[in-house]
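Raw contents of coords22.csv, CSV, C-alpha atoms:
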```csv
chain,number,residue,atom,x,y,z
R,1,MET,CA,131.5,124.0,131.3
R,2,ALA,CA,128.7,125.3,128.9
R,3,ARG,CA,127.6,123.2,126.1
R,4,SER,CA,128.5,124.4,122.6
R,5,GLU,CA,125.5,125.0,120.3
R,6,PRO,CA,124.4,121.9,118.3
R,7,SER,CA,125.1,121.9,114.6
R,8,PHE,CA,121.4,121.5,113.8
R,9,THR,CA,122.5,119.8,110.5
R,10,LEU,CA,119.8,118.0,108.5
R,11,GLY,CA,119.2,114.7,106.9
R,12,ILE,CA,115.9,113.8,105.2
R,13,GLU,CA,114.8,110.3,104.3
R,14,GLU,CA,111.8,109.5,102.1
R,15,GLU,CA,110.2,106.3,100.9
R,16,TYR,CA,108.5,106.1,97.5
R,17,LEU,CA,106.1,103.7,95.9
R,18,VAL,CA,106.6,102.5,92.4
R,19,VAL,CA,103.6,102.3,90.0
R,20,ASP,CA,103.1,101.3,86.4
R,21,ALA,CA,102.8,104.5,84.3
R,22,THR,CA,99.8,103.1,82.4
R,23,THR,CA,97.8,100.9,84.8
R,24,LEU,CA,98.9,102.9,88.0
R,25,ASP,CA,99.1,99.6,89.8
R,26,LEU,CA,102.0,99.0,92.3
R,27,VAL,CA,104.8,97.0,90.7
R,28,ALA,CA,108.0,95.5,92.1
R,29,ALA,CA,111.0,97.7,91.2
R,30,PRO,CA,113.1,95.8,88.7
R,31,GLU,CA,116.7,95.0,89.8
R,32,GLU,CA,117.9,96.9,86.8
R,33,LEU,CA,116.0,100.0,88.0
R,34,MET,CA,117.6,99.8,91.5
R,35,ARG,CA,121.1,99.4,89.8
R,36,ASP,CA,120.4,102.4,87.7
R,37,CYS,CA,119.4,104.5,90.7
R,38,ALA,CA,122.5,103.2,92.7
R,39,ASP,CA,124.8,104.1,89.8
R,40,LYS,CA,123.6,107.7,89.9
R,41,LEU,CA,122.9,108.2,93.6
R,42,GLY,CA,125.3,105.7,95.3
R,43,ASP,CA,124.3,104.8,98.9
R,44,LYS,CA,121.7,107.6,99.0
R,45,VAL,CA,119.2,105.1,97.5
R,46,SER,CA,118.3,101.6,98.7
R,47,PRO,CA,115.5,99.0,98.4
R,48,GLU,CA,112.9,99.0,101.2
R,49,PHE,CA,111.0,96.2,102.9
R,50,LEU,CA,108.6,95.6,100.0
R,51,GLN,CA,109.8,95.3,96.4
R,52,CYS,CA,107.5,98.1,95.3
R,53,GLN,CA,109.3,100.7,97.5
R,54,ILE,CA,112.4,102.8,97.1
R,55,GLU,CA,114.1,104.6,99.9
R,56,VAL,CA,116.3,107.7,99.5
R,57,GLY,CA,118.2,109.8,102.0
R,58,THR,CA,120.1,113.0,101.7
R,59,GLY,CA,123.7,113.5,102.9
R,60,VAL,CA,124.4,115.5,106.0
R,61,CYS,CA,123.2,119.0,105.0
R,62,LYS,CA,124.2,122.2,106.8
R,63,THR,CA,121.2,124.2,105.6
R,64,ILE,CA,117.7,123.7,104.4
R,65,ALA,CA,118.7,125.0,101.0
R,66,GLU,CA,121.3,122.3,100.8
R,67,ALA,CA,118.8,119.6,101.8
R,68,ARG,CA,116.3,120.9,99.3
R,69,ALA,CA,118.8,120.7,96.5
R,70,ASP,CA,119.9,117.2,97.5
R,71,LEU,CA,116.3,116.0,97.8
R,72,ALA,CA,115.3,117.5,94.5
R,73,ASP,CA,118.2,115.8,92.8
R,74,MET,CA,117.2,112.4,94.2
R,75,ARG,CA,113.6,112.9,93.2
R,76,ARG,CA,114.6,113.8,89.6
R,77,THR,CA,116.9,110.9,89.4
R,78,VAL,CA,114.5,108.3,90.8
R,79,LYS,CA,111.8,109.6,88.4
R,80,ALA,CA,114.1,109.5,85.4
R,81,CYS,CA,115.2,106.0,86.2
R,82,CYS,CA,111.6,104.8,86.8
R,83,ASN,CA,110.4,106.4,83.5
R,84,ALA,CA,113.0,104.4,81.6
R,85,TYR,CA,111.1,101.3,82.6
R,86,GLY,CA,107.6,102.7,82.1
R,87,LEU,CA,107.2,103.3,85.8
R,88,GLU,CA,106.5,106.3,88.0
R,89,PRO,CA,107.5,107.1,91.6
R,90,VAL,CA,104.8,108.2,94.1
R,91,ALA,CA,105.5,110.0,97.4
R,92,ALA,CA,102.4,109.1,99.4
R,93,SER,CA,102.1,107.0,102.5
R,94,THR,CA,99.6,104.5,101.1
R,95,HIS,CA,98.6,103.5,97.6
R,96,PRO,CA,94.9,104.2,97.1
R,97,PHE,CA,93.9,100.8,95.8
R,98,ALA,CA,96.8,98.3,96.1
R,99,GLU,CA,96.4,95.2,98.3
R,100,TRP,CA,99.1,94.3,100.7
R,101,GLN,CA,98.6,90.6,100.3
R,102,GLU,CA,99.8,90.9,96.7
R,103,GLN,CA,103.2,92.5,97.5
R,104,GLU,CA,106.5,90.7,97.9
R,105,PHE,CA,109.2,91.6,100.4
R,106,THR,CA,112.7,92.3,99.4
R,107,ASP,CA,115.0,89.3,99.7
R,108,LYS,CA,117.6,90.7,102.0
R,109,GLU,CA,118.7,89.2,105.3
R,110,ARG,CA,117.4,92.2,107.4
R,111,TYR,CA,114.0,92.0,105.7
R,112,ARG,CA,113.8,88.2,105.9
R,113,ALA,CA,114.4,88.5,109.7
R,114,LEU,CA,111.8,91.2,110.0
R,115,GLU,CA,109.2,89.1,108.2
R,116,LYS,CA,110.0,86.1,110.4
R,117,ASP,CA,109.9,88.1,113.6
R,118,LEU,CA,106.9,90.2,113.0
R,119,ALA,CA,104.8,87.8,110.9
R,120,GLY,CA,101.6,89.2,109.4
R,121,VAL,CA,102.1,92.6,111.1
R,122,ALA,CA,105.2,93.1,108.9
R,123,ARG,CA,103.5,91.8,105.7
R,124,ARG,CA,100.9,94.6,106.1
R,125,MET,CA,103.5,97.3,106.0
R,126,LEU,CA,102.5,98.7,102.6
R,127,ILE,CA,103.2,102.2,103.9
R,128,CYS,CA,105.8,104.9,103.4
R,129,GLY,CA,107.1,107.7,105.6
R,130,MET,CA,109.4,110.7,105.8
R,131,HIS,CA,112.1,111.0,108.5
R,132,VAL,CA,113.9,114.2,109.4
R,133,HIS,CA,117.3,114.0,111.3
R,134,VAL,CA,118.6,117.1,113.1
R,135,GLY,CA,122.2,117.1,114.4
R,136,ILE,CA,122.3,117.2,118.2
R,137,GLU,CA,125.8,116.1,119.2
R,138,ASP,CA,125.5,116.1,123.0
R,139,GLU,CA,123.8,112.9,124.1
R,140,ASP,CA,122.0,114.1,127.2
R,141,LEU,CA,120.8,117.2,125.3
R,142,ARG,CA,119.4,114.8,122.7
R,143,ILE,CA,117.3,113.2,125.4
R,144,ASP,CA,116.3,116.6,126.9
R,145,LEU,CA,115.1,117.8,123.6
R,146,LEU,CA,113.3,114.5,122.8
R,147,ASN,CA,111.2,114.9,126.0
R,148,GLN,CA,110.2,118.4,125.0
R,149,PHE,CA,109.8,118.0,121.2
R,150,SER,CA,107.2,115.2,121.6
R,151,TYR,CA,104.6,117.9,122.3
R,152,PHE,CA,104.9,119.0,118.6
R,153,LEU,CA,104.8,115.6,117.0
R,154,PRO,CA,101.0,115.8,116.4
R,155,HIS,CA,101.5,119.2,114.7
R,156,LEU,CA,104.0,117.7,112.2
R,157,LEU,CA,101.8,114.7,111.5
R,158,ALA,CA,98.8,117.0,110.8
R,159,LEU,CA,100.9,118.9,108.3
R,160,SER,CA,102.1,115.8,106.4
R,161,THR,CA,99.0,113.5,106.1
R,162,SER,CA,98.9,111.6,102.8
R,163,SER,CA,97.2,108.3,103.5
R,164,PRO,CA,93.4,108.5,103.4
R,165,PHE,CA,92.9,105.3,101.4
R,166,TRP,CA,93.6,101.7,102.1
R,167,GLU,CA,92.9,98.9,99.6
R,168,GLY,CA,90.4,101.0,97.6
R,169,VAL,CA,88.5,102.3,100.6
R,170,GLU,CA,88.4,105.9,102.0
R,171,MET,CA,89.2,105.1,105.7
R,172,GLY,CA,88.0,108.3,107.2
R,173,LEU,CA,91.5,108.9,108.6
R,174,HIS,CA,93.9,111.4,107.1
R,175,SER,CA,96.9,109.2,108.1
R,176,TYR,CA,95.9,105.6,107.9
R,177,ARG,CA,99.6,104.8,107.6
R,178,LEU,CA,99.9,105.4,111.3
R,179,ALA,CA,97.1,102.9,112.1
R,180,VAL,CA,99.1,100.3,110.2
R,181,PHE,CA,102.5,101.3,111.7
R,182,ASP,CA,101.2,101.2,115.3
R,183,ASN,CA,100.7,97.5,115.0
R,184,LEU,CA,104.4,97.1,115.2
R,185,PRO,CA,106.0,96.8,118.7
R,186,ARG,CA,108.1,99.6,120.1
R,187,THR,CA,106.2,102.4,118.2
R,188,GLY,CA,104.3,105.5,119.3
R,189,LEU,CA,105.4,108.4,121.4
R,190,PRO,CA,108.8,108.0,123.1
R,191,PRO,CA,108.8,107.6,126.9
R,192,LEU,CA,110.0,110.4,129.2
R,193,LEU,CA,113.6,109.7,129.9
R,194,SER,CA,115.9,111.3,132.5
R,195,SER,CA,119.2,110.9,130.6
R,196,TYR,CA,121.0,109.2,127.7
R,197,ALA,CA,122.2,106.6,130.2
R,198,GLU,CA,118.6,105.7,131.1
R,199,TYR,CA,117.8,105.4,127.4
R,200,GLN,CA,120.8,103.1,126.9
R,201,ARG,CA,119.8,101.0,129.9
R,202,SER,CA,116.2,100.6,128.8
R,203,VAL,CA,117.1,99.7,125.2
R,204,GLY,CA,120.0,97.6,126.4
R,205,THR,CA,117.6,95.4,128.5
R,206,ILE,CA,115.7,94.4,125.3
R,207,ILE,CA,118.9,94.0,123.3
R,208,ASP,CA,120.5,91.8,126.0
R,209,THR,CA,117.5,89.4,125.8
R,210,GLY,CA,118.2,88.8,122.1
R,211,ILE,CA,114.8,90.1,121.1
R,212,ILE,CA,116.4,92.9,118.9
R,213,GLU,CA,120.0,93.3,117.8
R,214,ASP,CA,120.2,97.1,118.1
R,215,ALA,CA,118.3,100.3,118.7
R,216,SER,CA,117.3,100.6,115.0
R,217,LYS,CA,114.4,98.3,116.0
R,218,ILE,CA,113.1,101.0,118.3
R,219,TRP,CA,110.5,102.6,116.0
R,220,TRP,CA,109.2,105.5,118.2
R,221,ASP,CA,107.8,108.7,116.5
R,222,LEU,CA,111.0,110.4,117.7
R,223,ARG,CA,114.2,108.7,118.6
R,224,PRO,CA,117.9,109.1,119.0
R,225,SER,CA,119.4,107.8,115.8
R,226,ARG,CA,121.5,104.6,116.3
R,227,GLN,CA,123.8,105.6,113.4
R,228,PHE,CA,124.1,109.3,113.6
R,229,PRO,CA,124.4,112.0,116.4
R,230,THR,CA,120.9,113.2,115.6
R,231,LEU,CA,117.3,113.2,116.8
R,232,GLU,CA,115.2,111.6,114.2
R,233,SER,CA,111.5,112.6,113.7
R,234,ARG,CA,109.6,109.7,112.2
R,235,ILE,CA,106.0,110.8,112.7
R,236,CYS,CA,105.4,112.2,109.3
R,237,ASP,CA,103.7,110.7,106.3
R,238,VAL,CA,105.8,111.1,103.2
R,239,VAL,CA,104.5,114.1,101.2
R,240,PRO,CA,104.0,114.3,97.4
R,241,ARG,CA,105.2,117.8,96.9
R,242,LEU,CA,108.9,118.8,97.4
R,243,ASP,CA,108.0,122.3,98.8
R,244,ASP,CA,105.9,120.7,101.5
R,245,ALA,CA,108.6,118.3,102.5
R,246,VAL,CA,111.1,121.1,102.8
R,247,ALA,CA,108.7,123.3,104.8
R,248,ILE,CA,108.1,120.5,107.3
R,249,ALA,CA,111.9,119.9,107.6
R,250,ALA,CA,112.3,123.6,108.3
R,251,VAL,CA,109.7,123.5,111.1
R,252,THR,CA,111.5,120.5,112.6
R,253,GLN,CA,114.9,122.1,112.5
R,254,SER,CA,113.6,125.4,113.9
R,255,LEU,CA,111.7,123.7,116.7
R,256,MET,CA,114.9,121.9,117.8
R,257,ARG,CA,116.7,125.3,118.0
R,258,MET,CA,113.8,127.0,119.8
R,259,LEU,CA,113.8,124.3,122.5
R,260,TYR,CA,117.6,124.4,122.8
R,261,THR,CA,117.5,128.2,123.2
R,262,LEU,CA,114.9,128.0,125.9
R,263,GLY,CA,117.3,125.8,127.8
R,264,ARG,CA,120.1,128.3,127.4
R,265,GLU,CA,117.7,130.8,129.1
R,266,ASN,CA,117.0,128.4,131.9
R,267,LYS,CA,113.5,127.8,130.6
R,268,ARG,CA,111.9,124.7,129.0
R,269,TRP,CA,108.7,123.8,127.1
R,270,ARG,CA,106.1,122.5,129.5
R,271,GLN,CA,105.9,118.7,129.5
R,272,TYR,CA,102.4,117.3,129.4
R,273,ASP,CA,101.3,113.8,130.2
R,274,ARG,CA,101.8,111.4,127.3
R,275,PHE,CA,98.1,110.6,127.6
R,276,LEU,CA,97.3,114.1,126.5
R,277,ILE,CA,99.8,114.3,123.7
R,278,GLU,CA,98.4,110.9,122.5
R,279,GLU,CA,95.0,112.6,122.2
R,280,ASN,CA,96.4,115.2,119.9
R,281,ARG,CA,98.3,112.5,117.9
R,282,TRP,CA,95.0,110.8,117.4
R,283,ARG,CA,93.3,114.0,116.3
R,284,ALA,CA,96.1,114.7,113.8
R,285,GLN,CA,95.8,111.1,112.5
R,286,ARG,CA,92.0,111.3,112.2
R,287,TYR,CA,91.4,114.8,111.1
R,288,GLY,CA,94.7,116.2,109.7
R,289,LEU,CA,94.4,120.0,109.6
R,290,THR,CA,90.6,120.1,109.6
R,291,LYS,CA,89.5,119.9,113.2
R,292,GLY,CA,92.3,121.6,115.2
R,293,LEU,CA,94.3,120.3,118.2
R,294,ILE,CA,93.9,120.7,121.9
R,295,ASP,CA,95.7,123.7,123.6
R,296,PHE,CA,96.3,122.1,127.0
R,297,GLY,CA,97.1,125.4,128.6
R,298,ALA,CA,93.8,127.0,127.4
R,299,GLY,CA,91.8,123.8,127.9
R,300,GLU,CA,90.2,124.0,124.5
R,301,ILE,CA,90.4,122.8,120.9
R,302,VAL,CA,92.1,125.5,118.7
R,303,PRO,CA,91.8,125.7,114.9
R,304,PHE,CA,95.0,124.6,113.2
R,305,ALA,CA,95.3,127.9,111.3
R,306,ASP,CA,95.6,129.7,114.7
R,307,ILE,CA,98.0,127.1,116.0
R,308,LEU,CA,100.2,127.4,112.9
R,309,GLU,CA,100.4,131.2,113.1
R,310,ASP,CA,101.4,131.0,116.7
R,311,LEU,CA,104.0,128.3,115.9
R,312,ILE,CA,105.5,130.4,113.0
R,313,GLY,CA,105.8,133.4,115.3
R,314,LEU,CA,107.7,131.3,117.9
R,315,LEU,CA,110.0,129.9,115.3
R,316,GLU,CA,110.8,132.8,113.0
R,317,PRO,CA,113.8,134.1,115.0
R,318,HIS,CA,115.3,130.6,115.0
R,319,ALA,CA,114.5,130.0,111.3
R,320,ALA,CA,116.2,133.3,110.5
R,321,HIS,CA,119.3,132.2,112.4
R,322,LEU,CA,119.3,128.8,110.6
R,323,GLY,CA,118.7,130.4,107.2
R,324,CYS,CA,115.3,128.8,106.6
R,325,LEU,CA,112.9,131.6,107.2
R,326,ASP,CA,111.3,131.4,103.7
R,327,GLU,CA,111.0,127.7,103.9
R,328,LEU,CA,109.4,128.0,107.4
R,329,ARG,CA,106.8,130.4,106.1
R,330,GLN,CA,106.1,128.1,103.1
R,331,VAL,CA,104.3,125.9,105.6
R,332,ARG,CA,101.3,128.2,105.2
R,333,GLY,CA,101.0,126.8,101.7
R,334,ILE,CA,100.1,123.4,103.1
R,335,LEU,CA,97.2,125.0,105.0
R,336,GLU,CA,96.1,126.9,101.9
R,337,ARG,CA,96.2,124.0,99.5
R,338,GLY,CA,95.3,121.3,102.0
R,339,THR,CA,97.4,118.3,102.8
R,340,SER,CA,97.8,115.5,100.3
R,341,SER,CA,95.1,113.5,102.1
R,342,GLN,CA,92.7,116.4,101.7
R,343,ARG,CA,93.6,116.8,98.0
R,344,GLN,CA,93.4,113.0,97.3
R,345,VAL,CA,89.9,112.8,98.8
R,346,ALA,CA,88.8,115.9,96.8
R,347,VAL,CA,90.2,114.4,93.5
R,348,TYR,CA,88.3,111.1,94.3
R,349,GLY,CA,85.0,112.9,95.0
R,350,GLN,CA,85.3,115.1,91.9
R,351,ALA,CA,85.9,112.1,89.7
R,352,LEU,CA,82.9,110.3,91.1
R,353,GLU,CA,80.7,113.4,90.6
R,354,ALA,CA,81.9,113.5,87.0
R,355,GLY,CA,80.6,109.9,86.5
R,356,ALA,CA,83.8,107.9,87.0
R,357,SER,CA,83.5,104.4,88.5
R,358,GLU,CA,85.1,103.9,91.9
R,359,ALA,CA,88.1,102.1,90.3
R,360,GLU,CA,88.7,104.9,87.8
R,361,ALA,CA,88.3,107.6,90.5
R,362,LEU,CA,91.0,105.9,92.5
R,363,LYS,CA,93.2,105.9,89.5
R,364,GLU,CA,92.6,109.6,89.1
R,365,VAL,CA,94.0,109.9,92.7
R,366,VAL,CA,97.2,108.1,91.7
R,367,ARG,CA,97.5,110.3,88.6
R,368,SER,CA,97.4,113.3,90.8
R,369,LEU,CA,100.1,111.9,93.0
R,370,VAL,CA,102.3,111.2,90.0
R,371,ALA,CA,101.9,114.8,89.0
R,372,ASP,CA,102.6,116.1,92.5
R,373,PHE,CA,105.9,114.2,92.7
R,374,SER,CA,107.2,116.2,89.8
R,375,ALA,CA,106.2,119.6,91.2
R,376,GLY,CA,109.2,121.8,92.1
R,377,ILE,CA,111.9,119.3,91.1
```

What would you get if you wrote out this structure as structure tokens?
Amino acid sequence: MARSEPSFTLGIEEEYLVVDATTLDLVAAPEELMRDCADKLGDKVSPEFLQCQIEVGTGVCKTIAEARADLADMRRTVKACCNAYGLEPVAASTHPFAEWQEQEFTDKERYRALEKDLAGVARRMLICGMHVHVGIEDEDLRIDLLNQFSYFLPHLLALSTSSPFWEGVEMGLHSYRLAVFDNLPRTGLPPLLSSYAEYQRSVGTIIDTGIIEDASKIWWDLRPSRQFPTLESRICDVVPRLDDAVAIAAVTQSLMRMLYTLGRENKRWRQYDRFLIEENRWRAQRYGLTKGLIDFGAGEIVPFADILEDLIGLLEPHAAHLGCLDELRQVRGILERGTSSQRQVAVYGQALEAGASEAEALKEVVRSLVADFSAGI
């Protein structure tokens, strides 16, 4: 019996940092602030591992337009609640000058257990990400698409990079967040799996030992969600601008349908060795959009502008079917403006050239991130 087409519904999760509106330092979100957010957004908002973070998540959205409206409402609400306490939210994967040693973790049982289990590795997790869920109801299809989709994870990372600074230092990486996150166990590219049953057996082996309590502690770049019938892309830095977040979500959703459609035509995306995909993952982490990725078929490095145009061409029929063609094409704007990491480094350099101290130049970067958060909401 033929499978019915997946729903390709969407859910987007974002993590924000909270800064003082005057000093631009990271601050712990007051309990009153979290209550205000929860009063307005319900269970769409929650504290994160560190007290200086806020997490939001859309509902189950049938279209990109619905996801955009939900995400914009959450961003507006979080900003208004923060502003009432003299604070600002920032959607970037690292704070340009904050120090992780000075942050406190949230006093919840889950986070206490994480801190105890992962020790200093967890305490360094002063990073934020964006996760995109796509509804794939059939379990084995979820694994089949996971195997193929992994090829495109470096592309999504390159489009989203927003973490060039760490503790006041320009690290030379466009996504330093990933360097921090990869210190955790059970991270990185997902393994090749033959079926959902194999996935359950592998994860179950670790659960049965008592090391982890459930699959939510599997932190691969792409994973079957434990809670929802979705594939969850977790590779992306969180992006400051709403338009960019929506464009990346449109690429993710359209890629899922493109790969599904190939299967309906008895085709599939070629699966390359994880060693090769890891190389592109590193290139995206190190260079963002600036140096291109390896085209394994051609055996050469291709500029990202060319890669992006080819990708848009592949995805346009599927985006049109899903109603997100305009949002897909908006991904070109990321290339034209530069990713957040490129813009942050440019702001920093311009401030230094204008005579600012390093400390003030870093604050200018945070000011630019505060302004970006409001764009389009």

Would you mind listing what lies within 12 Å of R:Ser4 as a PDB file with C-alpha atoms, keeping the file's coordinate frame, with all atoms listed in the file counted and same-chain residues fewer than 6 positions away left out?
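Output saved as result_29.pdb:
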```pdb
ATOM      1  CA  ILE R 136     122.300 117.200 118.200  1.00  0.00           C
ATOM      2  CA  GLU R 137     125.800 116.100 119.200  1.00  0.00           C
ATOM      3  CA  ASP R 138     125.500 116.100 123.000  1.00  0.00           C
ATOM      4  CA  LEU R 141     120.800 117.200 125.300  1.00  0.00           C
ATOM      5  CA  TYR R 260     117.600 124.400 122.800  1.00  0.00           C
ATOM      6  CA  THR R 261     117.500 128.200 123.200  1.00  0.00           C
ATOM      7  CA  ARG R 264     120.100 128.300 127.400  1.00  0.00           C
TER       8      ARG R 264
END
```

So, with only C-alpha atoms as the atoms that count, which of R:Ala298, R:Ala249, R:Ala84, R:Ala91 lies closest to R:Cys128?
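For R:Cys128, the nearest of the candidates is R:Ala91.
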
One number please: atom CA of R:Tyr176 to atom CA of R:Thr22, in Å, one decimal.
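Atom-to-atom, atom CA of R:Tyr176 and atom CA of R:Thr22 are spaced 25.9 Å apart.
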
Students should find that atom CA of R:Gly333 and atom CA of R:Val18 are spaced 26.6 Å

Nearest to R:Leu192 among R:Ser254, R:Ser150, R:Ser175, R:Ser160, with distances taken over all atoms listed in the file: which residue is it?
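Checking each of R:Ser254, R:Ser150, R:Ser175, R:Ser160 against R:Leu192, counting all atoms listed in the file, the winner is R:Ser150.
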
In Å, how far is it from atom CA of R:Pro191 to atom CA of R:Leu145?
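About the pair atom CA of R:Pro191 and atom CA of R:Leu145: they are 12.4 Å apart.
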
Contacts of stretch 284-292 of chain R at 12 Å or less, counting all atoms listed in the file, minus same-chain residues fewer than 2 places along, as an MDAnalysis selection string?
chainID R and resid 152:164 171:182 235:237 277:282 294:295 300:308 332 334:343

Closest to R:Leu222 among R:Lys62, R:Arg274, R:Arg35, R:Arg234, using only C-alpha atoms?
R:Arg234

Of the candidates R:Ile143, R:Ile248, R:Val132, R:Ala122, which one gets nearest to R:Leu193 if we count only C-alpha atoms?
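Closest candidate: R:Ile143.
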
Give me, as a PDB file with C-alpha atoms, in the coordinates of the input, all polymer residues having an atom no more than 9 Å from R:Val347, counting only C-alpha atoms and skipping those fewer than 5 positions away in the same chain.
```
ATOM      1  CA  GLN R 342      92.700 116.400 101.700  1.00  0.00           C
ATOM      2  CA  LEU R 352      82.900 110.300  91.100  1.00  0.00           C
ATOM      3  CA  ALA R 361      88.300 107.600  90.500  1.00  0.00           C
ATOM      4  CA  LEU R 362      91.000 105.900  92.500  1.00  0.00           C
ATOM      5  CA  GLU R 364      92.600 109.600  89.100  1.00  0.00           C
ATOM      6  CA  VAL R 365      94.000 109.900  92.700  1.00  0.00           C
ATOM      7  CA  SER R 368      97.400 113.300  90.800  1.00  0.00           C
TER       8      SER R 368
END
```

Residues at most 10 Å from R:Thr77, counting all atoms listed in the file, excluding those fewer than 2 positions away in the same chain, as a ChimeraX atom specification?
/R:36-37,40-41,71-75,79-83,377

Calculated over all atoms listed in the file, which of the candidates R:Ala371, R:Ala247, R:Ile218, R:Ile64 has the smallest distance to R:Leu322?
R:Ile64

Taking only C-alpha atoms into account, which of R:Asn183, R:Thr58, R:Gln330, R:Gln227 comes nearest R:Arg124?
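Smallest distance to R:Arg124 is found for R:Asn183.
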
Can you list, as a ChimeraX atom specification, every protein, DNA or RNA residue that comes within 9 Å of R:Leu24 when you count only C-alpha atoms, leaving out same-chain residues fewer than 2 positions away?
/R:18-22,26-27,87-88,363,366-367

Can you take the partial stretch 168-174 of chain R, add all heavy atoms, and return it as a PDB file, keeping the file's coordinate frame?
```
ATOM      1  N   GLY R 168      91.570 100.513  98.407  1.00  0.00           N
ATOM      2  CA  GLY R 168      90.400 101.000  97.600  1.00  0.00           C
ATOM      3  C   GLY R 168      89.307 101.601  98.460  1.00  0.00           C
ATOM      4  O   GLY R 168      88.262 101.945  97.917  1.00  0.00           O
ATOM      5  N   VAL R 169      89.528 101.783  99.759  1.00  0.00           N
ATOM      6  CA  VAL R 169      88.500 102.300 100.600  1.00  0.00           C
ATOM      7  C   VAL R 169      88.981 103.616 101.278  1.00  0.00           C
ATOM      8  O   VAL R 169      90.106 103.671 101.780  1.00  0.00           O
ATOM      9  CB  VAL R 169      88.118 101.303 101.744  1.00  0.00           C
ATOM     10  CG1 VAL R 169      87.077 101.896 102.687  1.00  0.00           C
ATOM     11  CG2 VAL R 169      87.627  99.997 101.130  1.00  0.00           C
ATOM     12  N   GLU R 170      88.137 104.648 101.249  1.00  0.00           N
ATOM     13  CA  GLU R 170      88.400 105.900 102.000  1.00  0.00           C
ATOM     14  C   GLU R 170      88.184 105.548 103.479  1.00  0.00           C
ATOM     15  O   GLU R 170      87.046 105.297 103.885  1.00  0.00           O
ATOM     16  CB  GLU R 170      87.583 107.026 101.551  1.00  0.00           C
ATOM     17  CG  GLU R 170      87.939 108.317 102.246  1.00  0.00           C
ATOM     18  CD  GLU R 170      86.960 109.446 101.947  1.00  0.00           C
ATOM     19  OE1 GLU R 170      86.209 109.363 100.956  1.00  0.00           O
ATOM     20  OE2 GLU R 170      86.943 110.410 102.740  1.00  0.00           O
ATOM     21  N   MET R 171      89.246 105.590 104.296  1.00  0.00           N
ATOM     22  CA  MET R 171      89.200 105.100 105.700  1.00  0.00           C
ATOM     23  C   MET R 171      88.646 106.062 106.669  1.00  0.00           C
ATOM     24  O   MET R 171      88.401 105.703 107.826  1.00  0.00           O
ATOM     25  CB  MET R 171      90.554 104.569 106.092  1.00  0.00           C
ATOM     26  CG  MET R 171      91.104 103.444 105.215  1.00  0.00           C
ATOM     27  SD  MET R 171      90.025 101.991 105.158  1.00  0.00           S
ATOM     28  CE  MET R 171      90.228 101.353 106.814  1.00  0.00           C
ATOM     29  N   GLY R 172      88.487 107.345 106.273  1.00  0.00           N
ATOM     30  CA  GLY R 172      88.000 108.300 107.200  1.00  0.00           C
ATOM     31  C   GLY R 172      89.121 108.896 108.092  1.00  0.00           C
ATOM     32  O   GLY R 172      88.875 109.780 108.926  1.00  0.00           O
ATOM     33  N   LEU R 173      90.339 108.396 107.932  1.00  0.00           N
ATOM     34  CA  LEU R 173      91.500 108.900 108.600  1.00  0.00           C
ATOM     35  C   LEU R 173      92.389 109.631 107.621  1.00  0.00           C
ATOM     36  O   LEU R 173      92.531 109.191 106.485  1.00  0.00           O
ATOM     37  CB  LEU R 173      92.320 107.787 109.282  1.00  0.00           C
ATOM     38  CG  LEU R 173      91.875 107.289 110.670  1.00  0.00           C
ATOM     39  CD1 LEU R 173      90.532 106.562 110.574  1.00  0.00           C
ATOM     40  CD2 LEU R 173      92.926 106.358 111.255  1.00  0.00           C
ATOM     41  N   HIS R 174      93.009 110.716 108.048  1.00  0.00           N
ATOM     42  CA  HIS R 174      93.900 111.400 107.100  1.00  0.00           C
ATOM     43  C   HIS R 174      95.282 110.721 107.079  1.00  0.00           C
ATOM     44  O   HIS R 174      95.991 110.858 106.080  1.00  0.00           O
ATOM     45  CB  HIS R 174      94.084 112.870 107.594  1.00  0.00           C
ATOM     46  CG  HIS R 174      92.921 113.722 107.225  1.00  0.00           C
ATOM     47  ND1 HIS R 174      92.988 114.723 106.291  1.00  0.00           N
ATOM     48  CD2 HIS R 174      91.631 113.710 107.652  1.00  0.00           C
ATOM     49  CE1 HIS R 174      91.811 115.296 106.151  1.00  0.00           C
ATOM     50  NE2 HIS R 174      90.963 114.701 106.980  1.00  0.00           N
TER      51      HIS R 174
END
```
